[in-house]
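Scroll down for the structure; my scribbles are underneath it.
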Amino acid sequence: MEIKDFSNDFLDDIMSIEEKSFKKPWTKEMFLSSVSNANTRFKIAFENGKPAGFCIYWTLCGETEILNIAVDPQFRRRSIAAGMLKYMEDDVKNENSRVVFLEVRQSNNAAVNLYFKFGFEKTGVRKKYYAGEDAIVLRKII
Ligand SMILES: CC(C)(COP(=O)(O)OP(=O)(O)OC[C@H]1O[C@@H](n2cnc3c(N)ncnc32)[C@H](O)[C@@H]1OP(=O)(O)O)[C@@H](O)C(=O)NCCC(=O)NCCS
C-alpha cells in the first residue's frame, strides 16, 4: 500500500468508493471543500496504483478529528484502513496533536471493531446523531 495526498485526478475514484460505502455519501463539493481547509489532510491509499481507500482528518489546537474514512469493498479486510490510521497517527503527532476523536454509528460493526483494535476508547454517545441512530464518540490519546 502507498499513501499519497488527494488530487483532483482521483475525485471520481473517491466518489465511487464513498458511494459504495455510505447510505448518505458526501458530495463532490464536500470533498473539495475539505481540501480547501488548511488544517485538513486528505490521504488516498493505493493498491497497485489504484485508489483503494481514503482518510480525511483535521487537526486544530492539538486535537485531531477523523472526518471520513472508507475502503473500496473489493479491497476490504486487507489492513488498508488500519494502515491509514497508523499513517494518520504518525502524521498528526508531527503536528503536535496528542488526541484523536471520531464519531461512528453504533451499528457499524466493521468500523467500531477497527477503532477498538487500533486503541480507541468510547468516551460518549451522541443521541440520534445520525437521523434516528446514536453515534458513539471515540477517543485515542496518542
Ligand atoms: C470500516 C472500514 C473502513 C474498514 O476497512 P478495512 O480496510 O476493511 O479494515 P482493515 O482490513 O484494516 O481491518 C482492521 C480490523 O478492523 C476490524 N474489521 C474490519 N472490517 C470488519 C468487518 N467487516 N467485521 C468485523 N470487523 C472488521 C477487524 O478487527 C480488522 O482486523 P482483522 O482483519 O485482523 O480481523 C471499511 O469496512 C469501510 O470502508 N466501511 C464503510 C465506510 C465506513 O463505515 N467508514 C467508517 C465510518 S466511521
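In the C-alpha cells, chains take letters A, B, ... by order of appearance, with residues numbered from 1 within each chain and ligands from 1 in the order shown.
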
What residues have any atom no more than 7 Å from ligand 1 when counting only C-alpha atoms and all ligand atoms, and can you list them as a ChimeraX atom specification? /A:21-22,68-73,75-83,103-105,108-111,113-115,117

Give me, as an MDAnalysis selection string, all polymer residues having an atom no more than 8 Å from segment 59-61 of chain A, counting only C-alpha atoms and skipping those fewer than 2 positions away in the same chain. chainID A and resid 39:40 57 63:65 92 95 97

Those residues you just picked out, can you put them in a file as a CSV table (one decimal), in the first residue's frame with N, CA and C atoms?
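After the write, result.csv holds the following:
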```csv
chain,number,residue,atom,x,y,z
A,39,ASN,N,-6.2,23.2,7.5
A,39,ASN,CA,-6.0,22.3,8.7
A,39,ASN,C,-6.3,20.8,8.3
A,40,THR,N,-6.9,20.6,7.1
A,40,THR,CA,-7.4,19.3,6.8
A,40,THR,C,-6.3,18.5,6.0
A,57,TYR,N,-8.8,13.9,7.7
A,57,TYR,CA,-8.8,14.3,9.1
A,57,TYR,C,-8.2,15.7,9.3
A,63,GLU,N,-5.7,18.9,18.8
A,63,GLU,CA,-6.7,17.8,18.7
A,63,GLU,C,-7.0,17.4,17.3
A,64,THR,N,-7.1,16.1,17.0
A,64,THR,CA,-7.4,15.7,15.6
A,64,THR,C,-8.7,15.1,15.6
A,65,GLU,N,-9.5,15.3,14.5
A,65,GLU,CA,-10.7,14.6,14.3
A,65,GLU,C,-10.7,13.9,12.9
A,92,VAL,N,-0.1,13.2,12.4
A,92,VAL,CA,-0.6,14.3,13.3
A,92,VAL,C,0.2,14.4,14.6
A,95,GLU,N,2.4,17.1,13.9
A,95,GLU,CA,1.8,18.4,14.0
A,95,GLU,C,1.4,18.7,15.5
A,97,SER,N,-0.3,17.0,17.6
A,97,SER,CA,-1.6,16.5,18.1
A,97,SER,C,-1.3,15.4,19.1
```

Write out as number ranges by chain each polymer residue whose atoms come within 8 Å of Leu102 of chain A, counting only C-alpha atoms; drop sequence neighbours fewer than 2 positions from it. A: 65-67, 100, 104, 137-139

Please dump the current selection as a CSV table (one decimal), in the first residue's frame; keep N, CA and C atoms.
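And here's part21.csv as it stands now:
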```
chain,number,residue,atom,x,y,z
A,65,GLU,N,-9.5,15.3,14.5
A,65,GLU,CA,-10.7,14.6,14.3
A,65,GLU,C,-10.7,13.9,12.9
A,66,ILE,N,-11.1,12.6,12.9
A,66,ILE,CA,-11.3,11.9,11.7
A,66,ILE,C,-12.6,12.3,11.1
A,67,LEU,N,-12.6,12.8,9.9
A,67,LEU,CA,-13.9,13.3,9.3
A,67,LEU,C,-14.5,12.2,8.4
A,100,VAL,N,-6.9,12.0,19.3
A,100,VAL,CA,-7.7,11.8,18.0
A,100,VAL,C,-9.2,11.4,18.4
A,104,VAL,N,-18.9,7.5,15.3
A,104,VAL,CA,-19.2,6.3,14.4
A,104,VAL,C,-20.7,5.8,14.8
A,137,VAL,N,-18.9,8.2,20.4
A,137,VAL,CA,-17.8,9.1,20.3
A,137,VAL,C,-16.6,8.3,20.9
A,138,LEU,N,-15.5,8.3,20.0
A,138,LEU,CA,-14.3,7.5,20.4
A,138,LEU,C,-13.1,8.4,20.4
A,139,ARG,N,-12.2,8.1,21.3
A,139,ARG,CA,-11.0,8.9,21.5
A,139,ARG,C,-9.8,8.0,21.6
```

Identify which of the residues A:Glu18, A:Glu47, A:Asp13, A:Glu121 lies closest to Lys140 of chain A, counting only C-alpha atoms when measuring atom-to-atom distances.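 Checking each of A:Glu18, A:Glu47, A:Asp13, A:Glu121 against Lys140 of chain A, counting only C-alpha atoms, the winner is A:Glu121.
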
List the neighbours of Asn94 of chain A out to 12 Å using only C-alpha atoms; skip same-chain residues closer than 3 positions along the sequence, and give me the result as a VMD selection string. chain A and resid 59 62 64 87 to 91 97 to 98 142

Selection to disk with C-alpha atoms, as a compact mmCIF listing (two decimals), in the first residue's frame:
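Once everything was written out, this is result-v2.txt:
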```
# COMPACT_ATOMS: atom_id res chain seq x y z
CA THR A 59 -6.01 18.99 13.48
CA GLY A 62 -3.57 19.87 19.37
CA THR A 64 -7.36 15.69 15.61
CA TYR A 87 -0.23 6.80 8.89
CA MET A 88 -2.68 9.41 10.26
CA GLU A 89 -1.42 8.92 13.81
CA ASP A 90 2.24 9.40 12.82
CA ASP A 91 1.32 12.38 10.66
CA SER A 97 -1.58 16.53 18.11
CA ARG A 98 -1.96 14.40 21.23
CA ILE A 142 -1.52 9.36 21.03
```

Using DSSP on the backbone, list every residue of segment 2-140 of chain A that comes out as helix (DSSP H, G or I), and give them as a ChimeraX atom specification. /A:8-21,28-35,73-75,80-93,109-117

Just-selected residues, N, CA and C atoms written as a compact mmCIF listing (two decimals), in the first residue's frame:
```txt
# COMPACT_ATOMS: atom_id res chain seq x y z
N ASN A 8 -7.19 16.22 -7.58
CA ASN A 8 -8.46 16.20 -8.30
C ASN A 8 -8.56 15.03 -9.29
N ASP A 9 -7.40 14.55 -9.76
CA ASP A 9 -7.40 13.43 -10.72
C ASP A 9 -8.13 12.21 -10.15
N PHE A 10 -8.19 12.15 -8.81
CA PHE A 10 -8.75 10.94 -8.18
C PHE A 10 -10.15 11.17 -7.61
N LEU A 11 -10.73 12.34 -7.90
CA LEU A 11 -12.04 12.65 -7.29
C LEU A 11 -13.11 11.63 -7.68
N ASP A 12 -13.12 11.20 -8.94
CA ASP A 12 -14.15 10.23 -9.36
C ASP A 12 -13.96 8.88 -8.66
N ASP A 13 -12.69 8.47 -8.47
CA ASP A 13 -12.43 7.22 -7.74
C ASP A 13 -12.91 7.35 -6.29
N ILE A 14 -12.66 8.50 -5.68
CA ILE A 14 -13.07 8.72 -4.29
C ILE A 14 -14.60 8.69 -4.20
N MET A 15 -15.26 9.34 -5.15
CA MET A 15 -16.73 9.35 -5.15
C MET A 15 -17.27 7.93 -5.27
N SER A 16 -16.63 7.13 -6.10
CA SER A 16 -17.08 5.75 -6.29
C SER A 16 -16.95 4.97 -4.97
N ILE A 17 -15.82 5.11 -4.29
CA ILE A 17 -15.63 4.42 -3.00
C ILE A 17 -16.65 4.93 -1.99
N GLU A 18 -16.83 6.25 -1.94
CA GLU A 18 -17.76 6.86 -0.99
C GLU A 18 -19.18 6.34 -1.19
N GLU A 19 -19.61 6.29 -2.48
CA GLU A 19 -20.99 5.88 -2.75
C GLU A 19 -21.22 4.39 -2.45
N LYS A 20 -20.14 3.59 -2.58
CA LYS A 20 -20.28 2.17 -2.24
C LYS A 20 -20.22 1.94 -0.73
N SER A 21 -19.80 2.97 0.00
CA SER A 21 -19.53 2.79 1.43
C SER A 21 -20.57 3.36 2.37
N LYS A 28 -19.33 15.65 -4.14
CA LYS A 28 -18.04 16.14 -4.65
C LYS A 28 -17.68 17.46 -3.99
N GLU A 29 -18.69 18.31 -3.84
CA GLU A 29 -18.46 19.63 -3.24
C GLU A 29 -17.93 19.49 -1.81
N MET A 30 -18.44 18.51 -1.08
CA MET A 30 -17.97 18.33 0.31
C MET A 30 -16.51 17.89 0.32
N PHE A 31 -16.14 17.01 -0.61
CA PHE A 31 -14.73 16.60 -0.67
C PHE A 31 -13.85 17.79 -1.03
N LEU A 32 -14.27 18.56 -2.04
CA LEU A 32 -13.44 19.67 -2.49
C LEU A 32 -13.35 20.75 -1.42
N SER A 33 -14.43 20.94 -0.67
CA SER A 33 -14.41 21.93 0.40
C SER A 33 -13.46 21.49 1.51
N SER A 34 -13.41 20.18 1.79
CA SER A 34 -12.49 19.72 2.84
C SER A 34 -11.04 19.98 2.44
N VAL A 35 -10.73 19.83 1.15
CA VAL A 35 -9.35 20.05 0.69
C VAL A 35 -8.95 21.52 0.85
N PRO A 73 -14.98 -1.73 -1.27
CA PRO A 73 -15.34 -3.09 -0.84
C PRO A 73 -14.41 -4.17 -1.38
N GLN A 74 -13.90 -4.00 -2.60
CA GLN A 74 -13.05 -5.06 -3.16
C GLN A 74 -11.68 -5.16 -2.47
N PHE A 75 -11.34 -4.14 -1.68
CA PHE A 75 -10.03 -4.14 -1.01
C PHE A 75 -10.15 -4.29 0.51
N ILE A 80 -6.01 -2.16 4.99
CA ILE A 80 -5.82 -0.83 4.39
C ILE A 80 -6.27 0.26 5.36
N ALA A 81 -7.44 0.09 5.98
CA ALA A 81 -7.89 1.10 6.95
C ALA A 81 -6.92 1.17 8.13
N ALA A 82 -6.48 0.02 8.60
CA ALA A 82 -5.53 0.01 9.72
C ALA A 82 -4.25 0.76 9.33
N GLY A 83 -3.79 0.54 8.10
CA GLY A 83 -2.59 1.23 7.62
C GLY A 83 -2.80 2.73 7.52
N MET A 84 -3.99 3.13 7.09
CA MET A 84 -4.26 4.58 7.01
C MET A 84 -4.33 5.20 8.40
N LEU A 85 -4.90 4.47 9.37
CA LEU A 85 -4.96 5.02 10.74
C LEU A 85 -3.56 5.18 11.32
N LYS A 86 -2.70 4.21 11.05
CA LYS A 86 -1.31 4.30 11.54
C LYS A 86 -0.61 5.50 10.90
N TYR A 87 -0.83 5.66 9.60
CA TYR A 87 -0.23 6.80 8.89
C TYR A 87 -0.74 8.11 9.50
N MET A 88 -2.07 8.20 9.69
CA MET A 88 -2.68 9.41 10.26
C MET A 88 -2.07 9.73 11.62
N GLU A 89 -1.93 8.68 12.45
CA GLU A 89 -1.42 8.92 13.81
C GLU A 89 0.00 9.49 13.76
N ASP A 90 0.86 8.89 12.94
CA ASP A 90 2.24 9.40 12.82
C ASP A 90 2.24 10.82 12.28
N ASP A 91 1.38 11.06 11.30
CA ASP A 91 1.32 12.38 10.66
C ASP A 91 0.90 13.46 11.66
N VAL A 92 -0.14 13.22 12.43
CA VAL A 92 -0.64 14.28 13.31
C VAL A 92 0.23 14.44 14.56
N LYS A 93 0.94 13.36 14.94
CA LYS A 93 1.91 13.54 16.04
C LYS A 93 2.95 14.57 15.63
N ASN A 109 -20.44 -2.22 12.82
CA ASN A 109 -19.54 -3.16 13.50
C ASN A 109 -18.12 -3.16 12.93
N ALA A 110 -18.02 -3.09 11.59
CA ALA A 110 -16.68 -3.13 10.98
C ALA A 110 -15.84 -1.97 11.50
N ALA A 111 -16.43 -0.76 11.48
CA ALA A 111 -15.67 0.42 11.90
C ALA A 111 -15.41 0.41 13.41
N VAL A 112 -16.42 0.04 14.19
CA VAL A 112 -16.23 0.02 15.65
C VAL A 112 -15.11 -0.97 16.01
N ASN A 113 -15.13 -2.15 15.38
CA ASN A 113 -14.06 -3.14 15.65
C ASN A 113 -12.70 -2.60 15.25
N LEU A 114 -12.68 -1.95 14.09
CA LEU A 114 -11.41 -1.36 13.60
C LEU A 114 -10.85 -0.40 14.64
N TYR A 115 -11.70 0.51 15.12
CA TYR A 115 -11.21 1.55 16.04
C TYR A 115 -10.80 0.96 17.39
N PHE A 116 -11.59 0.03 17.90
CA PHE A 116 -11.20 -0.59 19.18
C PHE A 116 -9.86 -1.32 19.03
N LYS A 117 -9.72 -2.03 17.90
CA LYS A 117 -8.47 -2.75 17.67
C LYS A 117 -7.29 -1.78 17.61
```

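You will find atom CA of Ile44 of chain A at 21.9 Å from atom CA of Phe120 of chain A.
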